[in-house]
Amino acid sequence: MALKLNAAIIVALTAFEALADLKRNGAPPLDPCAGITCTPVSCREPFVVKTAAETGMCCDICDTDSVEAREDRSWTEGMTGGVGPATGADVVLCRGVVCPKPLCEDFEQTFDGRCCMKCPASKIKTLADFKMDYKKKEEEE
């Protein structure tokens, strides 16, 4: 019994020492740009060449500070971020979920155990419903 205990202690110490060596020496950092070949870049005014060392990218790029391109966000007008998960939804599994606002009155909405409230029109079985039923049947057998 003592021999087995001594062997286990020796194995544990050896593993701990190997782990400590690995942490001290560290694995060599992986080069994300390995295997990427860059083509030469020539830029037209007002753009200038920014080297890979300046940008942190793998290749040189053309960049400028003098051109302002306003983003067109007009298509987002009237859009909302949706509504939060249903009150009875699992807090962990439904974290960060965006539910579309149901197109029915509040009193018609139902909760089927998933994250979002649904209208009666959406009670049609989906592929997810069939898969959930199949898993339940397998567990019962």
# chains A, B, ... in the order shown; residues from 1 in each chain; ligands from 1

$ residues_around --residues "range 78-91 of chain A" --least-positions-apart "6" --cutoff "7 Å" --atoms "only C-alpha atoms" --output "PDB file with N, CA, C and O atoms, in the first residue's frame"
ATOM      1  N   VAL A  97     -30.800  36.770 -25.636  1.00  0.00           N
ATOM      2  CA  VAL A  97     -31.705  36.469 -26.741  1.00  0.00           C
ATOM      3  C   VAL A  97     -32.510  37.723 -27.095  1.00  0.00           C
ATOM      4  O   VAL A  97     -32.804  38.548 -26.246  1.00  0.00           O
ATOM      5  N   VAL A  98     -32.778  37.892 -28.373  1.00  0.00           N
ATOM      6  CA  VAL A  98     -33.629  38.976 -28.842  1.00  0.00           C
ATOM      7  C   VAL A  98     -34.869  38.338 -29.440  1.00  0.00           C
ATOM      8  O   VAL A  98     -34.798  37.628 -30.433  1.00  0.00           O
ATOM      9  N   CYS A  99     -35.998  38.566 -28.820  1.00  0.00           N
ATOM     10  CA  CYS A  99     -37.264  37.997 -29.285  1.00  0.00           C
ATOM     11  C   CYS A  99     -37.995  39.039 -30.121  1.00  0.00           C
ATOM     12  O   CYS A  99     -38.089  40.193 -29.719  1.00  0.00           O
ATOM     13  N   PRO A 100     -38.527  38.649 -31.263  1.00  0.00           N
ATOM     14  CA  PRO A 100     -39.338  39.602 -32.019  1.00  0.00           C
ATOM     15  C   PRO A 100     -40.635  39.869 -31.260  1.00  0.00           C
ATOM     16  O   PRO A 100     -41.147  38.993 -30.572  1.00  0.00           O
ATOM     17  N   LYS A 101     -41.147  41.092 -31.381  1.00  0.00           N
ATOM     18  CA  LYS A 101     -42.398  41.425 -30.695  1.00  0.00           C
ATOM     19  C   LYS A 101     -43.524  40.648 -31.354  1.00  0.00           C
ATOM     20  O   LYS A 101     -43.723  40.737 -32.552  1.00  0.00           O
ATOM     21  N   GLY A 113     -42.149  27.192 -23.181  1.00  0.00           N
ATOM     22  CA  GLY A 113     -40.969  26.649 -22.516  1.00  0.00           C
ATOM     23  C   GLY A 113     -39.666  27.086 -23.149  1.00  0.00           C
ATOM     24  O   GLY A 113     -38.596  26.797 -22.639  1.00  0.00           O
ATOM     25  N   ARG A 114     -39.728  27.786 -24.276  1.00  0.00           N
ATOM     26  CA  ARG A 114     -38.501  28.309 -24.888  1.00  0.00           C
ATOM     27  C   ARG A 114     -38.283  29.723 -24.389  1.00  0.00           C
ATOM     28  O   ARG A 114     -38.796  30.115 -23.361  1.00  0.00           O
ATOM     29  N   CYS A 115     -37.557  30.519 -25.124  1.00  0.00           N
ATOM     30  CA  CYS A 115     -37.194  31.848 -24.642  1.00  0.00           C
ATOM     31  C   CYS A 115     -38.246  32.924 -24.887  1.00  0.00           C
ATOM     32  O   CYS A 115     -38.349  33.856 -24.116  1.00  0.00           O
ATOM     33  N   CYS A 116     -38.999  32.832 -25.967  1.00  0.00           N
ATOM     34  CA  CYS A 116     -39.863  33.933 -26.382  1.00  0.00           C
ATOM     35  C   CYS A 116     -41.340  33.585 -26.260  1.00  0.00           C
ATOM     36  O   CYS A 116     -41.728  32.431 -26.338  1.00  0.00           O
ATOM     37  N   MET A 117     -42.146  34.643 -26.124  1.00  0.00           N
ATOM     38  CA  MET A 117     -43.601  34.501 -26.147  1.00  0.00           C
ATOM     39  C   MET A 117     -44.020  34.332 -27.612  1.00  0.00           C
ATOM     40  O   MET A 117     -43.361  34.835 -28.513  1.00  0.00           O
TER      41      MET A 117
END

$ residues_around --residues "Phe47 in chain A" --least-positions-apart "5" --cutoff "7 Å" --atoms "only C-alpha atoms" --output "MDAnalysis selection string"
chainID A and resid 62:64

$ write_last_selection --atoms "C-alpha atoms" --output "PDB file, in the first residue's frame"
ATOM      1  CA  CYS A  62      -4.164  51.846 -48.012  1.00  0.00           C
ATOM      2  CA  ASP A  63      -5.623  54.149 -45.371  1.00  0.00           C
ATOM      3  CA  THR A  64      -6.512  57.803 -44.912  1.00  0.00           C
TER       4      THR A  64
END

$ atom_distance --atom1 "CA of Ala52 in chain A" --atom2 "CA of Pro40 in chain A"
11.8 Å

$ atom_distance --atom1 "CA of Lys123 in chain A" --atom2 "CA of Phe111 in chain A"
10.2 Å

$ select_by_dssp --residues "chain A" --states "alpha helix (DSSP H)" --output "JSON, numbers by chain"
{"A": [2, 3, 4, 5, 6, 7, 8, 9, 10, 11, 12, 13, 14, 15, 16, 17, 18, 19, 20, 21, 22, 23, 24, 25, 52, 53, 54, 55, 127, 128, 129, 130, 131, 132, 133, 134, 135, 136, 137, 138, 139, 140]}

$ residues_around --residues "Pro120 in chain A" --least-positions-apart "6" --cutoff "10 Å" --atoms "only C-alpha atoms" --output "PyMOL selection string"
chain A and resi 102+104+108-110

$ select_by_dssp --residues "range 28-124 of chain A" --states "strand (DSSP E)" --output "list of chain:residue names"
A:Val48, A:Val49, A:Lys50, A:Ile61, A:Cys62, A:Asp63, A:Thr110, A:Phe111, A:Met117, A:Lys118

$ write_last_selection --atoms "N, CA, C and O atoms" --output "tab-separated table (two decimals), in the first residue's frame"
chain	number	residue	atom	x	y	z
A	48	VAL	N	-2.65	56.66	-48.17
A	48	VAL	CA	-1.22	56.39	-47.99
A	48	VAL	C	-1.06	54.94	-47.57
A	48	VAL	O	-1.96	54.34	-46.99
A	49	VAL	N	0.12	54.39	-47.86
A	49	VAL	CA	0.39	53.01	-47.49
A	49	VAL	C	0.69	52.93	-46.00
A	49	VAL	O	1.51	53.69	-45.48
A	50	LYS	N	0.00	52.05	-45.32
A	50	LYS	CA	0.29	51.76	-43.91
A	50	LYS	C	0.88	50.35	-43.88
A	50	LYS	O	0.29	49.41	-44.40
A	61	ILE	N	-1.73	48.03	-46.17
A	61	ILE	CA	-3.04	48.48	-46.64
A	61	ILE	C	-2.97	49.96	-47.02
A	61	ILE	O	-2.02	50.66	-46.67
A	62	CYS	N	-4.00	50.43	-47.73
A	62	CYS	CA	-4.16	51.85	-48.01
A	62	CYS	C	-5.14	52.41	-46.99
A	62	CYS	O	-6.19	51.84	-46.75
A	63	ASP	N	-4.77	53.55	-46.39
A	63	ASP	CA	-5.62	54.15	-45.37
A	63	ASP	C	-5.52	55.66	-45.46
A	63	ASP	O	-4.55	56.20	-46.00
A	110	THR	N	-48.64	33.08	-25.79
A	110	THR	CA	-48.41	31.88	-25.00
A	110	THR	C	-46.92	31.64	-24.85
A	110	THR	O	-46.11	32.14	-25.63
A	111	PHE	N	-46.57	30.88	-23.83
A	111	PHE	CA	-45.17	30.52	-23.57
A	111	PHE	C	-45.05	29.01	-23.64
A	111	PHE	O	-45.76	28.30	-22.93
A	117	MET	N	-42.15	34.64	-26.12
A	117	MET	CA	-43.60	34.50	-26.15
A	117	MET	C	-44.02	34.33	-27.61
A	117	MET	O	-43.36	34.83	-28.51
A	118	LYS	N	-45.12	33.61	-27.83
A	118	LYS	CA	-45.59	33.35	-29.20
A	118	LYS	C	-47.07	33.63	-29.32
A	118	LYS	O	-47.81	33.60	-28.34

$ residues_around --residues "Cys33 in chain A" --least-positions-apart "2" --cutoff "9 Å" --atoms "only C-alpha atoms" --output "PyMOL selection string"
chain A and resi 30-31+35-37+57-59

$ atom_distance --atom1 "CA of Arg44 in chain A" --atom2 "CA of Glu71 in chain A"
22.3 Å
